[in-house]
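Engineer: Take a look at protein.pdb, PDB, C-alpha atoms, pLDDT in the B column:
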ATOM      1  CA  MET A  50     -10.479 -35.675  -3.456  1.00 46.00           C
ATOM      2  CA  MET A  51     -14.139 -34.614  -3.371  1.00 39.00           C
ATOM      3  CA  LYS A  52     -14.293 -35.023   0.418  1.00 43.00           C
ATOM      4  CA  GLU A  53     -11.120 -32.953   0.775  1.00 46.00           C
ATOM      5  CA  ARG A  54     -12.598 -30.135  -1.317  1.00 45.00           C
ATOM      6  CA  GLN A  55     -15.813 -30.189   0.665  1.00 47.00           C
ATOM      7  CA  SER A  56     -13.821 -30.082   3.901  1.00 50.00           C
ATOM      8  CA  LYS A  57     -11.829 -27.066   2.742  1.00 46.00           C
ATOM      9  CA  SER A  58     -14.987 -25.345   1.517  1.00 53.00           C
ATOM     10  CA  GLY A  59     -16.646 -26.011   4.852  1.00 76.00           C
ATOM     11  CA  SER A  60     -13.658 -24.587   6.714  1.00 85.00           C
ATOM     12  CA  VAL A  61     -13.717 -21.418   4.623  1.00 90.00           C
ATOM     13  CA  GLU A  62     -17.450 -20.965   5.235  1.00 91.00           C
ATOM     14  CA  LYS A  63     -16.980 -21.452   8.976  1.00 91.00           C
ATOM     15  CA  ALA A  64     -14.163 -18.902   9.054  1.00 93.00           C
ATOM     16  CA  LEU A  65     -16.258 -16.380   7.114  1.00 93.00           C
ATOM     17  CA  SER A  66     -19.225 -17.015   9.411  1.00 94.00           C
ATOM     18  CA  ILE A  67     -17.013 -16.172  12.382  1.00 95.00           C
ATOM     19  CA  LEU A  68     -15.771 -12.959  10.750  1.00 95.00           C
ATOM     20  CA  GLU A  69     -19.355 -11.934  10.027  1.00 94.00           C
ATOM     21  CA  LEU A  70     -20.047 -11.848  13.776  1.00 95.00           C
ATOM     22  CA  PHE A  71     -17.897  -8.739  14.210  1.00 93.00           C
ATOM     23  CA  SER A  72     -19.634  -5.408  13.679  1.00 89.00           C
ATOM     24  CA  MET A  73     -19.642  -1.803  14.854  1.00 82.00           C
ATOM     25  CA  LYS A  74     -21.827  -2.910  17.753  1.00 87.00           C
ATOM     26  CA  THR A  75     -19.650  -5.912  18.573  1.00 91.00           C
ATOM     27  CA  PRO A  76     -16.064  -4.967  17.624  1.00 92.00           C
ATOM     28  CA  SER A  77     -14.631  -7.503  20.084  1.00 94.00           C
ATOM     29  CA  LEU A  78     -15.902 -10.888  21.219  1.00 95.00           C
ATOM     30  CA  THR A  79     -14.821 -13.579  23.660  1.00 95.00           C
ATOM     31  CA  LEU A  80     -14.209 -17.149  22.560  1.00 96.00           C
ATOM     32  CA  ASP A  81     -17.361 -18.246  24.393  1.00 95.00           C
ATOM     33  CA  ALA A  82     -19.448 -15.554  22.676  1.00 95.00           C
ATOM     34  CA  ILE A  83     -18.150 -16.514  19.238  1.00 96.00           C
ATOM     35  CA  ALA A  84     -18.868 -20.189  19.866  1.00 96.00           C
ATOM     36  CA  GLU A  85     -22.369 -19.404  21.120  1.00 96.00           C
ATOM     37  CA  ARG A  86     -23.281 -17.055  18.277  1.00 95.00           C
ATOM     38  CA  SER A  87     -21.776 -19.200  15.535  1.00 94.00           C
ATOM     39  CA  GLY A  88     -23.114 -22.479  16.855  1.00 94.00           C
ATOM     40  CA  PHE A  89     -19.737 -24.135  16.273  1.00 95.00           C
ATOM     41  CA  PRO A  90     -17.947 -26.186  18.971  1.00 94.00           C
ATOM     42  CA  LYS A  91     -15.491 -24.143  20.993  1.00 94.00           C
ATOM     43  CA  PRO A  92     -12.433 -26.181  19.844  1.00 94.00           C
ATOM     44  CA  THR A  93     -13.434 -25.587  16.213  1.00 94.00           C
ATOM     45  CA  VAL A  94     -13.866 -21.852  16.817  1.00 95.00           C
ATOM     46  CA  PHE A  95     -10.506 -21.601  18.547  1.00 95.00           C
ATOM     47  CA  ARG A  96      -8.776 -23.443  15.692  1.00 94.00           C
ATOM     48  CA  MET A  97     -10.377 -21.101  13.145  1.00 95.00           C
ATOM     49  CA  LEU A  98      -9.417 -18.031  15.152  1.00 95.00           C
ATOM     50  CA  CYS A  99      -5.807 -19.202  15.386  1.00 94.00           C
ATOM     51  CA  SER A 100      -5.665 -19.605  11.591  1.00 93.00           C
ATOM     52  CA  LEU A 101      -7.237 -16.174  11.037  1.00 95.00           C
ATOM     53  CA  GLU A 102      -4.853 -14.666  13.561  1.00 94.00           C
ATOM     54  CA  LYS A 103      -1.863 -16.187  11.777  1.00 92.00           C
ATOM     55  CA  PHE A 104      -2.737 -14.232   8.629  1.00 91.00           C
ATOM     56  CA  GLY A 105      -3.641 -11.018  10.461  1.00 91.00           C
ATOM     57  CA  TYR A 106      -7.414 -11.183  10.042  1.00 93.00           C
ATOM     58  CA  VAL A 107      -8.099 -11.292  13.769  1.00 95.00           C
ATOM     59  CA  LYS A 108      -6.043 -10.330  16.809  1.00 95.00           C
ATOM     60  CA  ARG A 109      -6.232 -11.048  20.523  1.00 94.00           C
ATOM     61  CA  VAL A 110      -6.660  -8.229  23.014  1.00 93.00           C
ATOM     62  CA  THR A 111      -7.131  -8.120  26.753  1.00 91.00           C
ATOM     63  CA  LEU A 112     -10.009  -5.937  27.918  1.00 87.00           C
ATOM     64  CA  GLU A 113     -10.840  -5.670  31.612  1.00 82.00           C
ATOM     65  CA  GLY A 114      -8.759  -8.729  32.318  1.00 87.00           C
ATOM     66  CA  GLN A 115     -10.563 -10.841  29.716  1.00 91.00           C
ATOM     67  CA  MET A 116      -9.145 -12.211  26.473  1.00 94.00           C
ATOM     68  CA  ARG A 117     -11.173 -11.126  23.467  1.00 96.00           C
ATOM     69  CA  PHE A 118     -10.802 -11.202  19.682  1.00 96.00           C
ATOM     70  CA  LYS A 119     -11.009  -8.260  17.270  1.00 95.00           C
ATOM     71  CA  LEU A 120     -10.596  -7.857  13.512  1.00 93.00           C
ATOM     72  CA  GLY A 121      -6.938  -7.474  12.506  1.00 91.00           C
ATOM     73  CA  MET A 122      -4.978  -5.035  10.370  1.00 85.00           C
ATOM     74  CA  ALA A 123      -5.087  -7.332   7.335  1.00 86.00           C
ATOM     75  CA  PHE A 124      -8.541  -5.974   6.511  1.00 83.00           C
ATOM     76  CA  MET A 125      -7.264  -2.402   6.478  1.00 75.00           C
ATOM     77  CA  GLU A 126      -4.220  -3.364   4.441  1.00 73.00           C
ATOM     78  CA  LYS A 127      -6.241  -5.193   1.794  1.00 75.00           C
ATOM     79  CA  SER A 128      -8.894  -2.474   1.679  1.00 69.00           C
ATOM     80  CA  GLN A 129      -6.222   0.000   0.592  1.00 64.00           C
ATOM     81  CA  ILE A 130      -5.403  -1.846  -2.600  1.00 65.00           C
ATOM     82  CA  VAL A 131      -9.022  -2.840  -3.328  1.00 65.00           C
ATOM     83  CA  THR A 132     -10.229   0.753  -3.021  1.00 60.00           C
ATOM     84  CA  SER A 133      -7.302   2.178  -4.932  1.00 59.00           C
ATOM     85  CA  ASP A 134      -7.311  -0.375  -7.718  1.00 57.00           C
ATOM     86  CA  PHE A 135     -11.086  -0.096  -8.128  1.00 58.00           C
ATOM     87  CA  ASP A 136     -11.145   3.691  -8.502  1.00 68.00           C
ATOM     88  CA  ILE A 137      -7.790   5.167  -9.353  1.00 82.00           C
ATOM     89  CA  ARG A 138      -6.536   3.160 -12.295  1.00 86.00           C
ATOM     90  CA  GLU A 139      -9.465   3.880 -14.569  1.00 87.00           C
ATOM     91  CA  TYR A 140      -9.689   7.552 -13.688  1.00 88.00           C
ATOM     92  CA  ALA A 141      -5.937   8.157 -13.787  1.00 93.00           C
ATOM     93  CA  LYS A 142      -5.136   6.745 -17.226  1.00 92.00           C
ATOM     94  CA  SER A 143      -5.899   9.775 -19.371  1.00 94.00           C
ATOM     95  CA  GLU A 144      -4.219  12.179 -16.945  1.00 96.00           C
ATOM     96  CA  LEU A 145      -1.072  10.036 -16.734  1.00 95.00           C
ATOM     97  CA  LEU A 146      -0.913   9.751 -20.514  1.00 95.00           C
ATOM     98  CA  GLU A 147      -1.194  13.533 -20.826  1.00 95.00           C
ATOM     99  CA  LEU A 148       1.619  13.955 -18.293  1.00 95.00           C
ATOM    100  CA  ARG A 149       3.826  11.493 -20.188  1.00 94.00           C
ATOM    101  CA  ASN A 150       3.203  13.349 -23.440  1.00 94.00           C
ATOM    102  CA  LYS A 151       4.049  16.712 -21.846  1.00 93.00           C
ATOM    103  CA  THR A 152       7.324  15.558 -20.323  1.00 91.00           C
ATOM    104  CA  GLY A 153       8.410  12.618 -22.460  1.00 90.00           C
ATOM    105  CA  LEU A 154       9.268  10.729 -19.279  1.00 92.00           C
ATOM    106  CA  SER A 155       7.865   7.486 -17.907  1.00 92.00           C
ATOM    107  CA  VAL A 156       4.959   7.911 -15.472  1.00 95.00           C
ATOM    108  CA  GLN A 157       3.547   5.389 -13.001  1.00 94.00           C
ATOM    109  CA  LEU A 158       0.720   4.860 -10.573  1.00 95.00           C
ATOM    110  CA  ALA A 159       1.313   2.835  -7.406  1.00 94.00           C
ATOM    111  CA  VAL A 160      -0.949   1.769  -4.541  1.00 93.00           C
ATOM    112  CA  ARG A 161      -0.247   0.259  -1.156  1.00 93.00           C
ATOM    113  CA  ASP A 162      -0.623  -3.451  -0.447  1.00 89.00           C
ATOM    114  CA  GLY A 163       0.332  -4.084   3.171  1.00 89.00           C
ATOM    115  CA  ASP A 164       3.979  -3.142   3.671  1.00 92.00           C
ATOM    116  CA  HIS A 165       4.650  -2.912  -0.088  1.00 93.00           C
ATOM    117  CA  ALA A 166       3.781  -0.635  -2.974  1.00 94.00           C
ATOM    118  CA  VAL A 167       2.412  -2.209  -6.153  1.00 92.00           C
ATOM    119  CA  TYR A 168       2.759  -0.458  -9.512  1.00 92.00           C
ATOM    120  CA  ILE A 169      -0.619  -0.840 -11.239  1.00 90.00           C
ATOM    121  CA  GLU A 170      -0.318   1.504 -14.244  1.00 91.00           C
ATOM    122  CA  GLN A 171       2.423   3.063 -16.359  1.00 91.00           C
ATOM    123  CA  PHE A 172       3.100   4.875 -19.603  1.00 91.00           C
ATOM    124  CA  GLU A 173       6.560   4.447 -21.050  1.00 88.00           C
ATOM    125  CA  SER A 174       8.989   7.244 -21.813  1.00 86.00           C
ATOM    126  CA  LEU A 175       9.122   8.680 -25.318  1.00 81.00           C
ATOM    127  CA  ASN A 176      12.907   8.874 -24.992  1.00 74.00           C
ATOM    128  CA  PRO A 177      15.223   6.230 -26.506  1.00 64.00           C
ATOM    129  CA  ILE A 178      16.397   5.157 -23.024  1.00 60.00           C
ATOM    130  CA  ARG A 179      13.455   3.926 -20.969  1.00 60.00           C
ATOM    131  CA  VAL A 180      13.460   3.166 -17.265  1.00 60.00           C
ATOM    132  CA  TYR A 181      10.398   2.176 -15.301  1.00 58.00           C
ATOM    133  CA  PRO A 182       9.129  -0.473 -12.882  1.00 61.00           C
ATOM    134  CA  GLN A 183       6.999  -3.136 -14.515  1.00 73.00           C
ATOM    135  CA  VAL A 184       3.265  -3.165 -13.831  1.00 80.00           C
ATOM    136  CA  GLY A 185       2.676  -5.565 -10.982  1.00 81.00           C
ATOM    137  CA  ARG A 186       6.100  -5.056  -9.414  1.00 85.00           C
ATOM    138  CA  ARG A 187       6.047  -4.962  -5.607  1.00 89.00           C
ATOM    139  CA  VAL A 188       8.488  -2.699  -3.792  1.00 92.00           C
ATOM    140  CA  PRO A 189       8.820  -2.299  -0.009  1.00 94.00           C
ATOM    141  CA  LEU A 190       7.470   1.022   1.237  1.00 95.00           C
ATOM    142  CA  TYR A 191      10.883   2.200   2.453  1.00 94.00           C
ATOM    143  CA  ALA A 192      12.437   2.247  -1.040  1.00 92.00           C
ATOM    144  CA  ALA A 193      12.070   4.882  -3.773  1.00 92.00           C
ATOM    145  CA  ALA A 194       9.735   7.800  -4.425  1.00 95.00           C
ATOM    146  CA  CYS A 195       6.269   6.271  -4.902  1.00 95.00           C
ATOM    147  CA  PRO A 196       6.511   3.756  -2.051  1.00 96.00           C
ATOM    148  CA  ARG A 197       7.743   6.385   0.433  1.00 96.00           C
ATOM    149  CA  ILE A 198       4.829   8.662  -0.452  1.00 97.00           C
ATOM    150  CA  LEU A 199       2.458   5.843   0.510  1.00 97.00           C
ATOM    151  CA  LEU A 200       4.356   5.321   3.770  1.00 96.00           C
ATOM    152  CA  ALA A 201       4.703   9.010   4.661  1.00 96.00           C
ATOM    153  CA  TYR A 202       0.978   9.638   5.005  1.00 95.00           C
ATOM    154  CA  LEU A 203       0.264   6.678   7.296  1.00 93.00           C
ATOM    155  CA  PRO A 204      -0.184   7.295  11.050  1.00 92.00           C
ATOM    156  CA  GLU A 205       3.199   7.450  12.762  1.00 91.00           C
ATOM    157  CA  ASN A 206       2.594   4.355  14.892  1.00 91.00           C
ATOM    158  CA  GLU A 207       1.815   2.376  11.740  1.00 93.00           C
ATOM    159  CA  GLN A 208       4.944   3.735  10.058  1.00 93.00           C
ATOM    160  CA  ASP A 209       7.024   2.617  13.034  1.00 93.00           C
ATOM    161  CA  TYR A 210       5.456  -0.832  13.035  1.00 93.00           C
ATOM    162  CA  ILE A 211       6.103  -1.326   9.314  1.00 93.00           C
ATOM    163  CA  LEU A 212       9.670  -0.018   9.416  1.00 93.00           C
ATOM    164  CA  SER A 213      10.508  -2.127  12.454  1.00 91.00           C
ATOM    165  CA  ASN A 214       9.509  -5.370  10.745  1.00 90.00           C
ATOM    166  CA  TYR A 215      11.456  -5.173   7.496  1.00 91.00           C
ATOM    167  CA  GLU A 216      14.466  -7.230   6.546  1.00 90.00           C
ATOM    168  CA  TYR A 217      16.024  -4.343   4.646  1.00 92.00           C
ATOM    169  CA  THR A 218      17.392  -5.070   1.159  1.00 89.00           C
ATOM    170  CA  SER A 219      19.389  -2.760  -1.092  1.00 92.00           C
ATOM    171  CA  PHE A 220      18.242  -2.716  -4.704  1.00 91.00           C
ATOM    172  CA  THR A 221      21.177  -0.469  -5.636  1.00 92.00           C
ATOM    173  CA  SER A 222      24.049   1.176  -3.759  1.00 92.00           C
ATOM    174  CA  LYS A 223      21.775   4.190  -3.176  1.00 92.00           C
ATOM    175  CA  THR A 224      18.765   2.423  -1.662  1.00 92.00           C
ATOM    176  CA  LYS A 225      18.008   3.957   1.715  1.00 91.00           C
ATOM    177  CA  ILE A 226      17.915   1.285   4.418  1.00 90.00           C
ATOM    178  CA  SER A 227      18.554   3.350   7.562  1.00 90.00           C
ATOM    179  CA  TYR A 228      15.526   3.532   9.871  1.00 90.00           C
ATOM    180  CA  ASP A 229      16.469   7.008  11.137  1.00 91.00           C
ATOM    181  CA  SER A 230      17.124   8.510   7.710  1.00 92.00           C
ATOM    182  CA  ILE A 231      13.874   7.087   6.320  1.00 93.00           C
ATOM    183  CA  LYS A 232      11.860   8.434   9.272  1.00 94.00           C
ATOM    184  CA  LYS A 233      13.422  11.868   8.783  1.00 94.00           C
ATOM    185  CA  GLU A 234      12.574  11.839   5.098  1.00 94.00           C
ATOM    186  CA  LEU A 235       8.967  10.778   5.760  1.00 95.00           C
ATOM    187  CA  ASN A 236       8.483  13.935   7.839  1.00 94.00           C
ATOM    188  CA  GLU A 237      10.031  16.035   5.069  1.00 96.00           C
ATOM    189  CA  ILE A 238       7.767  14.426   2.459  1.00 96.00           C
ATOM    190  CA  LYS A 239       4.617  15.390   4.369  1.00 94.00           C
ATOM    191  CA  ALA A 240       5.918  18.937   4.809  1.00 94.00           C
ATOM    192  CA  LYS A 241       6.814  19.358   1.099  1.00 95.00           C
ATOM    193  CA  GLY A 242       4.076  17.233  -0.467  1.00 96.00           C
ATOM    194  CA  TYR A 243       6.405  15.262  -2.740  1.00 96.00           C
ATOM    195  CA  SER A 244       9.142  12.619  -2.672  1.00 96.00           C
ATOM    196  CA  LEU A 245      12.426  12.654  -4.589  1.00 95.00           C
ATOM    197  CA  SER A 246      14.511   9.520  -5.150  1.00 93.00           C
ATOM    198  CA  HIS A 247      17.923   9.120  -6.789  1.00 92.00           C
ATOM    199  CA  GLY A 248      18.887   5.717  -8.171  1.00 90.00           C
ATOM    200  CA  GLU A 249      17.245   3.600  -5.470  1.00 91.00           C
ATOM    201  CA  LEU A 250      15.629   1.031  -7.758  1.00 89.00           C
ATOM    202  CA  TYR A 251      17.710   1.635 -10.895  1.00 88.00           C
ATOM    203  CA  GLU A 252      21.218   3.086 -11.000  1.00 88.00           C
ATOM    204  CA  GLY A 253      21.503   6.466 -12.725  1.00 88.00           C
ATOM    205  CA  THR A 254      17.812   7.325 -12.495  1.00 89.00           C
ATOM    206  CA  THR A 255      15.742   9.910 -10.651  1.00 92.00           C
ATOM    207  CA  ALA A 256      12.078   9.768  -9.691  1.00 93.00           C
ATOM    208  CA  ILE A 257       9.621  12.282  -8.243  1.00 96.00           C
ATOM    209  CA  ALA A 258       6.282  11.258  -6.725  1.00 97.00           C
ATOM    210  CA  VAL A 259       3.235  12.957  -5.199  1.00 98.00           C
ATOM    211  CA  PRO A 260       0.163  11.569  -3.407  1.00 97.00           C
ATOM    212  CA  VAL A 261      -3.361  11.225  -4.774  1.00 96.00           C
ATOM    213  CA  PHE A 262      -5.947  11.899  -2.079  1.00 93.00           C
ATOM    214  CA  GLY A 263      -9.478  10.571  -1.639  1.00 88.00           C
ATOM    215  CA  LYS A 264     -12.542  12.396  -0.382  1.00 82.00           C
ATOM    216  CA  LEU A 265     -11.568  11.900   3.251  1.00 81.00           C
ATOM    217  CA  LYS A 266      -8.012  13.133   2.601  1.00 85.00           C
ATOM    218  CA  GLU A 267      -6.714   9.569   2.749  1.00 89.00           C
ATOM    219  CA  VAL A 268      -3.950   8.676   0.307  1.00 93.00           C
ATOM    220  CA  LEU A 269      -5.337   6.360  -2.363  1.00 92.00           C
ATOM    221  CA  GLY A 270      -2.151   6.105  -4.385  1.00 94.00           C
ATOM    222  CA  ALA A 271       0.987   7.803  -5.605  1.00 97.00           C
ATOM    223  CA  ILE A 272       1.969   8.956  -9.081  1.00 97.00           C
ATOM    224  CA  SER A 273       5.537   9.458 -10.208  1.00 96.00           C
ATOM    225  CA  MET A 274       7.805  10.424 -13.065  1.00 94.00           C
ATOM    226  CA  ILE A 275      11.056   8.555 -13.632  1.00 92.00           C
ATOM    227  CA  GLY A 276      13.921   9.180 -16.016  1.00 88.00           C
ATOM    228  CA  MET A 277      17.679   9.318 -16.304  1.00 88.00           C
ATOM    229  CA  SER A 278      19.317  11.635 -13.792  1.00 85.00           C
ATOM    230  CA  GLN A 279      20.308  14.113 -16.524  1.00 86.00           C
ATOM    231  CA  ASP A 280      16.589  14.621 -17.264  1.00 85.00           C
ATOM    232  CA  PHE A 281      16.153  16.171 -13.821  1.00 84.00           C
ATOM    233  CA  GLU A 282      18.241  19.312 -13.884  1.00 85.00           C
ATOM    234  CA  PRO A 283      17.466  21.650 -10.939  1.00 83.00           C
ATOM    235  CA  ASP A 284      15.366  23.994 -13.081  1.00 82.00           C
ATOM    236  CA  HIS A 285      13.349  21.009 -14.359  1.00 87.00           C
ATOM    237  CA  VAL A 286      12.604  19.535 -10.955  1.00 91.00           C
ATOM    238  CA  GLU A 287      10.340  22.351  -9.768  1.00 91.00           C
ATOM    239  CA  LYS A 288       8.467  22.257 -13.068  1.00 93.00           C
ATOM    240  CA  PHE A 289       7.997  18.485 -12.820  1.00 94.00           C
ATOM    241  CA  ILE A 290       6.751  18.729  -9.235  1.00 94.00           C
ATOM    242  CA  GLY A 291       4.177  21.292 -10.338  1.00 95.00           C
ATOM    243  CA  LEU A 292       3.031  19.092 -13.224  1.00 95.00           C
ATOM    244  CA  LEU A 293       2.744  16.048 -10.950  1.00 97.00           C
ATOM    245  CA  LYS A 294       0.665  17.938  -8.385  1.00 96.00           C
ATOM    246  CA  GLU A 295      -1.529  19.313 -11.154  1.00 96.00           C
ATOM    247  CA  THR A 296      -2.043  15.789 -12.527  1.00 96.00           C
ATOM    248  CA  ALA A 297      -2.850  14.431  -9.043  1.00 96.00           C
ATOM    249  CA  SER A 298      -5.425  17.186  -8.604  1.00 95.00           C
ATOM    250  CA  LYS A 299      -7.078  16.250 -11.921  1.00 95.00           C
ATOM    251  CA  ILE A 300      -7.233  12.587 -10.913  1.00 93.00           C
ATOM    252  CA  GLU A 301      -8.794  13.565  -7.588  1.00 92.00           C
ATOM    253  CA  SER A 302     -11.403  15.624  -9.442  1.00 90.00           C
ATOM    254  CA  ASN A 303     -12.142  12.669 -11.727  1.00 87.00           C
ATOM    255  CA  LEU A 304     -12.651  10.444  -8.699  1.00 80.00           C
TER     256      LEU A 304
END
As structure tokens, what does this structure read like?
Structural biologist:
Amino acid sequence: MMKERQSKSGSVEKALSILELFSMKTPSLTLDAIAERSGFPKPTVFRMLCSLEKFGYVKRVTLEGQMRFKLGMAFMEKSQIVTSDFDIREYAKSELLELRNKTGLSVQLAVRDGDHAVYIEQFESLNPIRVYPQVGRRVPLYAAACPRILLAYLPENEQDYILSNYEYTSFTSKTKISYDSIKKELNEIKAKGYSLSHGELYEGTTAIAVPVFGKLKEVLGAISMIGMSQDFEPDHVEKFIGLLKETASKIESNL
């Protein structure tokens, strides 16, 4: 057992040592270069790279007819949730609570984790009937208001990649699972600055979400309000959108 643990620990350290070789000056490396710089045998390096590639931490590219390795998208995907969870949750709490108290409706904060949204904060509705995703729930980015906000502000090629690799599942009869209709809505979301969802995670509910931006205008998260459909009469919707955008702006100022 002890030898097995030491072996696993050694493998992790070797893999991390290989990842540490990549930098702004050396964004891509050949297998030979990695073996030389790490001091590990070439078969060991190749085995490590294959494992890292499997989980998206490195990728193979061909440059000038030569196979090289680069860091993969997994680092970008994980950085989204690390950055968001580290900053947003703490600075959003008081603003979300104030929004809940103003409207009486449930409010949530979600961040991106790969091709899913994760709800990391919520304040429950003051109404007798409460509807809200549980903290920690993961929802694919194509479904519902908060997740689609997080998807809408990604580069289009990344949107296409994510949407092309889903096995679409309907949470309710109203969950949108059409590639074309989702793509059309993503463009509309960016133009309007908010997302509106009717009964996609819970029947008979409506949700509105807006983005929260970072200093570099990157989307760090999405905040939303959710309630029963009768809570969202047409004259209420515009008011709620304004309150959500105002709350997002306060969170951005706090950050």
Engineer: Can you list, as an NGL selection string, every protein, DNA or RNA residue that comes within 12 Å of Pro204 (chain A) when you count only C-alpha atoms, leaving out same-chain residues fewer than 3 positions away?
Structural biologist: :A and (199-201 or 207-211 or 235-236 or 239 or 267-268)
Engineer: Using only C-alpha atoms, which residues sit within 9 Å of region 240-256 of chain A once same-chain residues fewer than 6 positions away are excluded, as a list in words?
Structural biologist: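 Contacts, with the query itself left out: Val180, Tyr181, Pro182, Val188, Ala192, Ala193, Ala194, Cys195, Arg197, Ile198, Ser219, Phe220, Thr221, Ser222, Lys223, Thr224, Lys225, Glu234, Ser273, Met274, Ile275, Gly276, Met277, Ser278, Gln279, Asp280, Phe281, Ile290 and Lys294 of chain A.
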Engineer: Would you put the residues from that selection into a file with C-alpha atoms, as an mmCIF file, in the frame of the given file?
Structural biologist:
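Dumped everything to out01.cif:
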data_model
loop_
_atom_site.group_PDB
_atom_site.id
_atom_site.type_symbol
_atom_site.label_atom_id
_atom_site.label_comp_id
_atom_site.auth_asym_id
_atom_site.auth_seq_id
_atom_site.Cartn_x
_atom_site.Cartn_y
_atom_site.Cartn_z
ATOM 1 C CA VAL A 180 13.460 3.166 -17.265
ATOM 2 C CA TYR A 181 10.398 2.176 -15.301
ATOM 3 C CA PRO A 182 9.129 -0.473 -12.882
ATOM 4 C CA VAL A 188 8.488 -2.699 -3.792
ATOM 5 C CA ALA A 192 12.437 2.247 -1.040
ATOM 6 C CA ALA A 193 12.070 4.882 -3.773
ATOM 7 C CA ALA A 194 9.735 7.800 -4.425
ATOM 8 C CA CYS A 195 6.269 6.271 -4.902
ATOM 9 C CA ARG A 197 7.743 6.385 0.433
ATOM 10 C CA ILE A 198 4.829 8.662 -0.452
ATOM 11 C CA SER A 219 19.389 -2.760 -1.092
ATOM 12 C CA PHE A 220 18.242 -2.716 -4.704
ATOM 13 C CA THR A 221 21.177 -0.469 -5.636
ATOM 14 C CA SER A 222 24.049 1.176 -3.759
ATOM 15 C CA LYS A 223 21.775 4.190 -3.176
ATOM 16 C CA THR A 224 18.765 2.423 -1.662
ATOM 17 C CA LYS A 225 18.008 3.957 1.715
ATOM 18 C CA GLU A 234 12.574 11.839 5.098
ATOM 19 C CA SER A 273 5.537 9.458 -10.208
ATOM 20 C CA MET A 274 7.805 10.424 -13.065
ATOM 21 C CA ILE A 275 11.056 8.555 -13.632
ATOM 22 C CA GLY A 276 13.921 9.180 -16.016
ATOM 23 C CA MET A 277 17.679 9.318 -16.304
ATOM 24 C CA SER A 278 19.317 11.635 -13.792
ATOM 25 C CA GLN A 279 20.308 14.113 -16.524
ATOM 26 C CA ASP A 280 16.589 14.621 -17.264
ATOM 27 C CA PHE A 281 16.153 16.171 -13.821
ATOM 28 C CA ILE A 290 6.751 18.729 -9.235
ATOM 29 C CA LYS A 294 0.665 17.938 -8.385
#
Engineer: Check the smallest atom-to-atom distance from each of A:Leu203, A:Gln171, A:Ala258, A:Met116 to Ala82 (chain A) using only C-alpha atoms, then report the winner.
Structural biologist: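 The answer is A:Met116, which sits nearest to Ala82 (chain A).
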Engineer: What does the structure give for the distance between CA of Leu101 (chain A) and CA of Glu126 (chain A), in Å to one decimal?
Structural biologist: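 Distance between the two atoms: 14.7 Å.
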Engineer: Mind checking which residues fall within 9 Å of Ser87 (chain A), counting all atoms listed in the file, ignoring those fewer than 5 positions away in the same chain, and posting them as a PyMOL selection string?
Structural biologist: chain A and resi 63+66-67+70+82+94
Engineer: Could you jot down the CA of Thr296 (chain A) to CA of Glu144 (chain A) separation for me, Å, one decimal place?
Structural biologist: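 According to the coordinates, CA of Thr296 (chain A) and CA of Glu144 (chain A) are separated by 6.1 Å.
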Engineer: Please compute the CA of Val160 (chain A)-CA of Pro196 (chain A) distance, one decimal, in Å.
Structural biologist: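 Those two atoms sit 8.1 Å apart.
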Engineer: What residues come out when you apply the PyMOL selection byres ((chain A and resi 69) around 12) to this file, written as a list in words?
Structural biologist: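 Evaluating the PyMOL selection byres ((chain A and resi 69) around 12) on this file yields Glu62, Lys63, Ala64, Leu65, Ser66, Ile67, Leu68, Leu70, Phe71, Ser72, Met73, Thr75, Pro76, Ser77, Leu78, Ile83, Arg86, Ser87, Tyr106, Val107, Lys119 and Leu120 of chain A.
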Engineer: Selected by the PyMOL selection byres ((chain A and resi 161) around 10) in the shown coordinates: which residues, as a VMD selection string?
Structural biologist: chain A and resid 126 to 131 133 to 134 159 to 160 162 to 168 187 to 190 195 to 196 198 to 200 268 to 271
Engineer: Put those residues in a file: C-alpha atoms, as a compact mmCIF listing (two decimals), keeping the file's coordinate frame.
Structural biologist:
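Below is the file that was written, again_19.txt:
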# COMPACT_ATOMS: atom_id res chain seq x y z
CA GLU A 126 -4.22 -3.36 4.44
CA LYS A 127 -6.24 -5.19 1.79
CA SER A 128 -8.89 -2.47 1.68
CA GLN A 129 -6.22 0.00 0.59
CA ILE A 130 -5.40 -1.85 -2.60
CA VAL A 131 -9.02 -2.84 -3.33
CA SER A 133 -7.30 2.18 -4.93
CA ASP A 134 -7.31 -0.38 -7.72
CA ALA A 159 1.31 2.84 -7.41
CA VAL A 160 -0.95 1.77 -4.54
CA ASP A 162 -0.62 -3.45 -0.45
CA GLY A 163 0.33 -4.08 3.17
CA ASP A 164 3.98 -3.14 3.67
CA HIS A 165 4.65 -2.91 -0.09
CA ALA A 166 3.78 -0.64 -2.97
CA VAL A 167 2.41 -2.21 -6.15
CA TYR A 168 2.76 -0.46 -9.51
CA ARG A 187 6.05 -4.96 -5.61
CA VAL A 188 8.49 -2.70 -3.79
CA PRO A 189 8.82 -2.30 -0.01
CA LEU A 190 7.47 1.02 1.24
CA CYS A 195 6.27 6.27 -4.90
CA PRO A 196 6.51 3.76 -2.05
CA ILE A 198 4.83 8.66 -0.45
CA LEU A 199 2.46 5.84 0.51
CA LEU A 200 4.36 5.32 3.77
CA VAL A 268 -3.95 8.68 0.31
CA LEU A 269 -5.34 6.36 -2.36
CA GLY A 270 -2.15 6.10 -4.38
CA ALA A 271 0.99 7.80 -5.60
Engineer: Please identify all polymer residues within 12 Å of Ser302 (chain A), counting all atoms listed in the file, omitting same-chain residues fewer than 3 positions from it, and present them as a ChimeraX atom specification.
Structural biologist: /A:136-137,140-141,144,261-264,295-299
Engineer: Calculated over all atoms listed in the file, which of the candidates A:Lys74, A:Lys103, A:Lys288, A:Asn303 has the smallest distance to Thr152 (chain A)?
Structural biologist: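 Nearest to Thr152 (chain A): A:Lys288.
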Engineer: Do a neighbour search on Gln115 (chain A) at 12 Å with all atoms listed in the file, toss out local chain neighbours closer than 3 positions, and write the hits as JSON, numbers by chain.
Structural biologist: {"A": [77, 78, 79, 80, 81, 109, 110, 111, 112, 118]}
